[in-house]
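Quick look at entry20.cif (mmCIF, C-alpha atoms):
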data_final
loop_
_atom_site.group_PDB
_atom_site.id
_atom_site.type_symbol
_atom_site.label_atom_id
_atom_site.label_comp_id
_atom_site.auth_asym_id
_atom_site.auth_seq_id
_atom_site.Cartn_x
_atom_site.Cartn_y
_atom_site.Cartn_z
ATOM 1 C CA MET A 691 176.986 79.675 42.653
ATOM 2 C CA ASP A 692 173.663 78.765 44.263
ATOM 3 C CA ARG A 693 173.572 76.526 47.304
ATOM 4 C CA ALA A 694 172.572 73.373 45.444
ATOM 5 C CA GLU A 695 175.485 73.830 43.043
ATOM 6 C CA TYR A 696 177.786 74.467 46.005
ATOM 7 C CA VAL A 697 176.824 71.118 47.502
ATOM 8 C CA LYS A 698 177.280 69.353 44.174
ATOM 9 C CA ASP A 699 180.733 70.914 43.762
ATOM 10 C CA LEU A 700 181.741 69.882 47.288
ATOM 11 C CA VAL A 701 180.674 66.282 46.689
ATOM 12 C CA ARG A 702 182.519 66.240 43.360
ATOM 13 C CA ARG A 703 185.709 67.397 45.089
ATOM 14 C CA SER A 704 185.287 64.642 47.664
ATOM 15 C CA ILE A 705 184.847 62.073 44.894
ATOM 16 C CA MET A 706 187.936 63.364 43.060
ATOM 17 C CA VAL A 707 190.073 62.902 46.184
ATOM 18 C CA LYS A 708 188.763 59.375 46.682
ATOM 19 C CA GLU A 709 189.402 58.532 43.029
ATOM 20 C CA ARG A 710 193.051 59.477 43.588
ATOM 21 C CA LEU A 711 193.124 57.301 46.691
ATOM 22 C CA ILE A 712 191.849 54.375 44.618
ATOM 23 C CA ALA A 713 194.384 54.967 41.870
ATOM 24 C CA GLU A 714 197.490 55.646 43.947
ATOM 25 C CA TYR A 715 197.176 54.895 47.649
ATOM 26 C CA THR A 716 195.511 51.522 48.246
ATOM 27 C CA PRO A 717 198.831 49.630 48.673
ATOM 28 C CA ILE A 718 199.584 51.876 51.652
ATOM 29 C CA VAL A 719 196.321 50.848 53.326
ATOM 30 C CA VAL A 720 197.139 47.171 52.816
ATOM 31 C CA SER A 721 200.621 47.668 54.295
ATOM 32 C CA MET A 722 199.153 49.525 57.274
ATOM 33 C CA ALA A 723 196.752 46.644 57.855
ATOM 34 C CA ASP A 724 199.622 44.151 57.766
ATOM 35 C CA ILE A 725 201.535 46.150 60.385
ATOM 36 C CA CYS A 726 198.477 46.235 62.656
ATOM 37 C CA ILE A 727 197.740 42.529 62.155
ATOM 38 C CA GLU A 728 201.314 41.534 63.007
ATOM 39 C CA SER A 729 201.173 43.614 66.177
ATOM 40 C CA LEU A 730 197.843 42.161 67.265
ATOM 41 C CA VAL A 731 198.879 38.591 66.472
ATOM 42 C CA GLY A 732 201.947 39.155 68.647
ATOM 43 C CA GLY A 733 199.859 40.313 71.603
ATOM 44 C CA GLY A 734 200.078 44.040 70.898
ATOM 45 C CA LYS A 735 197.361 46.639 70.731
ATOM 46 C CA LEU A 736 196.421 49.694 68.732
ATOM 47 C CA LEU A 737 196.440 53.220 70.169
ATOM 48 C CA LEU A 738 194.750 56.021 68.225
ATOM 49 C CA CYS A 739 194.845 59.784 68.698
ATOM 50 C CA GLY A 740 193.832 63.030 67.045
ATOM 51 C CA ASN A 741 192.211 66.397 67.745
ATOM 52 C CA GLY A 742 188.691 67.628 67.114
ATOM 53 C CA GLY A 743 187.124 65.648 64.290
ATOM 54 C CA SER A 744 190.216 63.466 64.198
ATOM 55 C CA ALA A 745 189.723 62.619 67.882
ATOM 56 C CA ALA A 746 186.184 61.569 66.998
ATOM 57 C CA ASP A 747 187.566 59.456 64.136
ATOM 58 C CA ALA A 748 190.018 57.806 66.545
ATOM 59 C CA GLN A 749 187.166 56.917 68.906
ATOM 60 C CA HIS A 750 184.977 55.745 66.014
ATOM 61 C CA LEU A 751 187.647 53.429 64.605
ATOM 62 C CA ALA A 752 188.645 52.051 68.005
ATOM 63 C CA ALA A 753 184.998 51.218 68.700
ATOM 64 C CA GLU A 754 184.776 49.328 65.398
ATOM 65 C CA LEU A 755 187.445 46.941 66.691
ATOM 66 C CA LEU A 756 186.463 46.847 70.356
ATOM 67 C CA VAL A 757 182.803 46.122 69.647
ATOM 68 C CA ARG A 758 181.679 45.289 66.122
ATOM 69 C CA LEU A 759 182.468 46.584 62.669
ATOM 70 C CA ARG A 760 180.151 44.654 60.330
ATOM 71 C CA PRO A 761 176.735 43.352 61.387
ATOM 72 C CA ASP A 762 177.354 39.940 59.824
ATOM 73 C CA VAL A 763 180.676 39.370 61.641
ATOM 74 C CA ASN A 764 180.221 38.601 65.320
ATOM 75 C CA ARG A 765 183.598 38.019 66.934
ATOM 76 C CA ASP A 766 185.695 38.718 70.005
ATOM 77 C CA GLY A 767 186.880 42.258 70.644
ATOM 78 C CA VAL A 768 190.184 43.562 69.299
ATOM 79 C CA PRO A 769 192.375 45.682 71.632
ATOM 80 C CA ALA A 770 192.212 49.259 70.361
ATOM 81 C CA ILE A 771 192.315 52.337 72.583
ATOM 82 C CA ALA A 772 191.355 55.875 71.594
ATOM 83 C CA LEU A 773 193.464 58.153 73.782
ATOM 84 C CA ALA A 774 190.973 61.053 73.979
ATOM 85 C CA THR A 775 188.151 59.360 75.875
ATOM 86 C CA ASP A 776 189.059 60.226 79.493
ATOM 87 C CA MET A 777 188.067 63.835 80.179
ATOM 88 C CA SER A 778 189.435 63.785 83.737
ATOM 89 C CA SER A 779 192.906 62.810 82.520
ATOM 90 C CA ILE A 780 192.776 65.271 79.608
ATOM 91 C CA THR A 781 191.826 68.232 81.791
ATOM 92 C CA ALA A 782 194.230 67.215 84.580
ATOM 93 C CA CYS A 783 197.128 67.064 82.132
ATOM 94 C CA GLY A 784 196.094 70.365 80.539
ATOM 95 C CA ASN A 785 195.927 71.994 83.956
ATOM 96 C CA ASP A 786 199.003 70.437 85.583
ATOM 97 C CA TYR A 787 201.331 70.165 82.570
ATOM 98 C CA SER A 788 199.989 71.088 79.146
ATOM 99 C CA TYR A 789 197.572 69.758 76.585
ATOM 100 C CA GLU A 790 200.509 69.400 74.199
ATOM 101 C CA VAL A 791 202.018 66.534 76.215
ATOM 102 C CA PHE A 792 198.802 64.609 76.915
ATOM 103 C CA TYR A 793 199.048 62.047 74.125
ATOM 104 C CA GLU A 794 202.763 61.586 74.717
ATOM 105 C CA ARG A 795 202.047 60.840 78.373
ATOM 106 C CA MET A 796 199.326 58.353 77.451
ATOM 107 C CA VAL A 797 201.604 56.591 74.959
ATOM 108 C CA ARG A 798 204.446 56.314 77.472
ATOM 109 C CA THR A 799 202.035 55.036 80.141
ATOM 110 C CA LEU A 800 199.836 52.671 78.120
ATOM 111 C CA GLY A 801 202.038 51.745 75.168
ATOM 112 C CA ARG A 802 204.413 48.802 74.960
ATOM 113 C CA PRO A 803 207.050 47.778 72.420
ATOM 114 C CA GLY A 804 205.314 46.119 69.501
ATOM 115 C CA ASP A 805 202.114 48.156 69.851
ATOM 116 C CA VAL A 806 200.954 50.431 67.042
ATOM 117 C CA LEU A 807 200.110 54.125 67.345
ATOM 118 C CA ILE A 808 197.833 55.603 64.686
ATOM 119 C CA GLY A 809 198.122 59.381 64.677
ATOM 120 C CA ILE A 810 195.383 61.272 62.842
ATOM 121 C CA THR A 811 195.969 64.902 61.877
ATOM 122 C CA THR A 812 194.530 66.674 58.856
ATOM 123 C CA SER A 813 197.262 69.325 58.866
ATOM 124 C CA GLY A 814 200.152 67.099 59.926
ATOM 125 C CA LYS A 815 201.088 69.893 62.335
ATOM 126 C CA SER A 816 199.362 68.901 65.607
ATOM 127 C CA PRO A 817 202.065 69.207 68.305
ATOM 128 C CA ASN A 818 200.424 66.713 70.666
ATOM 129 C CA VAL A 819 200.103 64.064 67.945
ATOM 130 C CA ILE A 820 203.701 64.634 66.820
ATOM 131 C CA LYS A 821 204.968 64.245 70.402
ATOM 132 C CA ALA A 822 202.982 61.022 70.712
ATOM 133 C CA LEU A 823 204.475 59.663 67.481
ATOM 134 C CA LYS A 824 208.002 60.506 68.679
ATOM 135 C CA ALA A 825 207.351 58.827 72.034
ATOM 136 C CA ALA A 826 206.005 55.721 70.313
ATOM 137 C CA ARG A 827 209.130 55.473 68.178
ATOM 138 C CA ASP A 828 211.302 55.846 71.275
ATOM 139 C CA MET A 829 209.441 52.866 72.751
ATOM 140 C CA ASN A 830 209.844 50.635 69.674
ATOM 141 C CA MET A 831 206.196 50.923 68.747
ATOM 142 C CA ARG A 832 205.168 51.131 65.089
ATOM 143 C CA THR A 833 203.809 54.518 64.025
ATOM 144 C CA LEU A 834 201.151 55.029 61.371
ATOM 145 C CA GLY A 835 199.722 58.324 60.180
ATOM 146 C CA LEU A 836 196.457 59.369 58.608
ATOM 147 C CA LEU A 837 197.494 62.813 57.418
ATOM 148 C CA GLY A 838 196.638 65.559 54.937
ATOM 149 C CA CYS A 839 198.080 68.828 53.619
ATOM 150 C CA LYS A 840 201.214 67.122 52.247
ATOM 151 C CA GLY A 841 201.879 65.408 55.571
ATOM 152 C CA GLY A 842 203.392 68.268 57.534
ATOM 153 C CA PRO A 843 205.971 67.668 60.269
ATOM 154 C CA ALA A 844 204.128 64.542 61.469
ATOM 155 C CA LEU A 845 205.195 62.683 58.348
ATOM 156 C CA ALA A 846 208.793 62.389 59.558
ATOM 157 C CA ASP A 847 207.704 60.459 62.656
ATOM 158 C CA CYS A 848 205.513 57.902 60.856
ATOM 159 C CA ASP A 849 206.844 54.516 59.809
ATOM 160 C CA LEU A 850 204.086 54.587 57.222
ATOM 161 C CA ALA A 851 201.547 57.287 56.414
ATOM 162 C CA LEU A 852 198.652 57.870 54.114
ATOM 163 C CA VAL A 853 198.668 61.541 53.141
ATOM 164 C CA VAL A 854 195.317 62.447 51.635
ATOM 165 C CA PRO A 855 195.960 64.478 48.467
ATOM 166 C CA SER A 856 193.961 67.535 49.495
ATOM 167 C CA MET A 857 194.363 70.788 51.404
ATOM 168 C CA GLU A 858 190.671 70.917 52.432
ATOM 169 C CA THR A 859 190.033 69.805 56.013
ATOM 170 C CA GLY A 860 186.582 68.422 55.231
ATOM 171 C CA ARG A 861 187.739 66.405 52.238
ATOM 172 C CA ILE A 862 190.708 65.054 54.220
ATOM 173 C CA GLN A 863 188.485 63.986 57.123
ATOM 174 C CA GLU A 864 186.008 62.311 54.754
ATOM 175 C CA SER A 865 188.873 60.339 53.267
ATOM 176 C CA HIS A 866 190.308 59.464 56.673
ATOM 177 C CA ILE A 867 187.123 57.780 57.822
ATOM 178 C CA THR A 868 186.733 55.935 54.512
ATOM 179 C CA ILE A 869 190.320 54.701 54.680
ATOM 180 C CA GLY A 870 189.899 53.995 58.388
ATOM 181 C CA HIS A 871 186.939 51.722 57.711
ATOM 182 C CA ALA A 872 188.855 49.892 54.993
ATOM 183 C CA LEU A 873 191.791 49.486 57.376
ATOM 184 C CA MET A 874 189.604 48.085 60.164
ATOM 185 C CA GLU A 875 187.944 45.607 57.782
ATOM 186 C CA LEU A 876 191.318 44.385 56.529
ATOM 187 C CA ILE A 877 192.507 43.973 60.125
ATOM 188 C CA GLU A 878 189.378 42.038 61.071
ATOM 189 C CA ASP A 879 189.620 39.783 58.022
ATOM 190 C CA GLY A 880 193.341 39.222 58.566
ATOM 191 C CA LEU A 881 192.926 38.204 62.193
ATOM 192 C CA ILE A 882 190.095 35.828 61.340
ATOM 193 C CA ALA A 883 192.137 34.283 58.521
ATOM 194 C CA ARG A 884 195.084 33.779 60.887
ATOM 195 C CA GLY A 885 192.849 32.061 63.446
ATOM 196 C CA LYS A 886 193.528 34.825 65.969
ATOM 197 C CA LEU A 887 189.992 36.106 66.194
ATOM 198 C CA ASN A 888 187.125 33.866 67.191
ATOM 199 C CA ARG A 889 183.657 34.290 65.772
ATOM 200 C CA VAL A 890 181.038 34.237 68.500
#

Please render this file's structure as structure tokens.
Amino acid sequence: MDRAEYVKDLVRRSIMVKERLIAEYTPIVVSMADICIESLVGGGKLLLCGNGGSAADAQHLAAELLVRLRPDVNRDGVPAIALATDMSSITACGNDYSYEVFYERMVRTLGRPGDVLIGITTSGKSPNVIKALKAARDMNMRTLGLLGCKGGPALADCDLALVVPSMETGRIQESHITIGHALMELIEDGLIARGKLNRV
């Protein structure tokens, strides 16, 4: 296969995964949005975590709520915290305890009952994300997962999860950010409709 055909095949595989998401998984996204809206309306916040590209997705999605998501919707910020933004805390925890407990420690320190934790892991096997999900459940937080590879062990600790129907990391991540954007837009629209988010 030449390189141009390789690219075409990759894009086709990405489209096929998204077509399955359209056909089978959109009700999950709506339910996730409802969970987040109820938390935010009640004074809660969203915490997001992941590793590597998933950490970048967590930061990306948190920024969409904290700052602005759509250029035609100017509104107040929405409380969303990506847990992998503080390098001093990350390296201190890795040095003094272990990287595996970092997200758990952040959840137990920053989380409150009624908050929502969104754990993002393409494999569903990330120990630090799984520990964070378990901690959130212990604290009566709601737990949502953006997963792949059939969900892995993380699936058991999610109140609700969207498991991208693929085993390819790239295709899973592409779907996560697409679904993440849809989720953030539904949250924004829901808060505005409930009169809980002021346009500025």

Next on the checklist: Taking only C-alpha atoms into account, name the residue in A:Lys735, A:His750, A:Arg795, A:Arg703 that is nearest to Val768 in chain A.
Outcome noted: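 Ranking A:Lys735, A:His750, A:Arg795, A:Arg703 by distance to Val768 in chain A, first place goes to A:Lys735.
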
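Closest approach to Cys848 in chain A among A:Ala753, A:Met722, A:Ala770, A:Val697 is made by A:Met722 (distances from all atoms listed in the file).
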
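We find CA of Asp879 in chain A and CA of Ala752 in chain A to be spaced 15.8 Å apart.
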
Next on the checklist: Using all atoms listed in the file for the distances, tell me which of A:Val791, A:Met706, A:Ala748, A:Thr812 is nearest to Gly870 in chain A.
Outcome noted: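 Result for the nearest residue to Gly870 in chain A: A:Ala748.
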
At a cut-off of 9 Å, can you tabulate as CSV every residue of range 691-750 of chain A near range 823-835 of chain A together with its closest atom pair and the distance in Å to one decimal, using all atoms listed in the file and ordering rows by chain then number?
residue,atom,partner,partner_atom,distance
A:Met722,CA,A:Leu834,CA,7.1
A:Ile725,CA,A:Arg832,CA,7.8
A:Cys726,CA,A:Arg832,CA,8.6
A:Ser729,CA,A:Arg832,CA,8.6

Item to check | Non-local contacts of range 738-744 of chain A (8 Å; only C-alpha atoms; under 3 positions in same chain excluded) as a list in words | outcome: Asp747, Ala748, Gln749, Ala752, Ala770, Ile771, Ala772, Leu773, Ala774, Tyr793, Leu807, Ile808, Gly809, Ile810, Thr811, Thr812, Ser816, Val819 and Gln863 of chain A

Next on the checklist: Just want the 10 Å neighbourhood of Ile727 in chain A, counted on all atoms listed in the file, with same-chain residues fewer than 4 positions away dropped. Output as a count of residues only.
Outcome noted: 18

Item to check | Near-Ile712 in chain A list (12 Å; only C-alpha atoms; drop same-chain fewer than 4 positions) as a list of chain:residue names | outcome: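 What passes the distance filter is A:Ile705, A:Met706, A:Val707, A:Lys708, A:Thr716, A:Pro717, A:Ile718, A:Val719, A:Val854, A:Pro855, A:Ser865, A:Thr868, A:Ile869, A:Ala872.
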
Next on the checklist: To one decimal place in Å, what is the distance between CA of Arg710 in chain A and CA of Leu850 in chain A?
Outcome noted: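 If I compute the distance from CA of Arg710 in chain A to CA of Leu850 in chain A, I get 18.2 Å.
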
Checklist entry - Which is closer to Val701 in chain A than all the others in A:Ala713, A:Cys783, A:Glu864, A:Arg889, using only C-alpha atoms? => result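 With only C-alpha atoms as the atom set, the closest residue is A:Glu864.
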
Checklist entry - What gap, in Å, lies between CA of Pro843 in chain A and CA of Glu790 in chain A? => result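 CA of Glu790 in chain A lies 15.1 Å from CA of Pro843 in chain A.
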
Next on the checklist: Considering all atoms listed in the file, can you say which of A:Leu737, A:Met874, A:Ile820, A:Ile862 comes closest to Val797 in chain A?
Outcome noted: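 Of A:Leu737, A:Met874, A:Ile820, A:Ile862, the one nearest Val797 in chain A, counting all atoms listed in the file, is A:Leu737.
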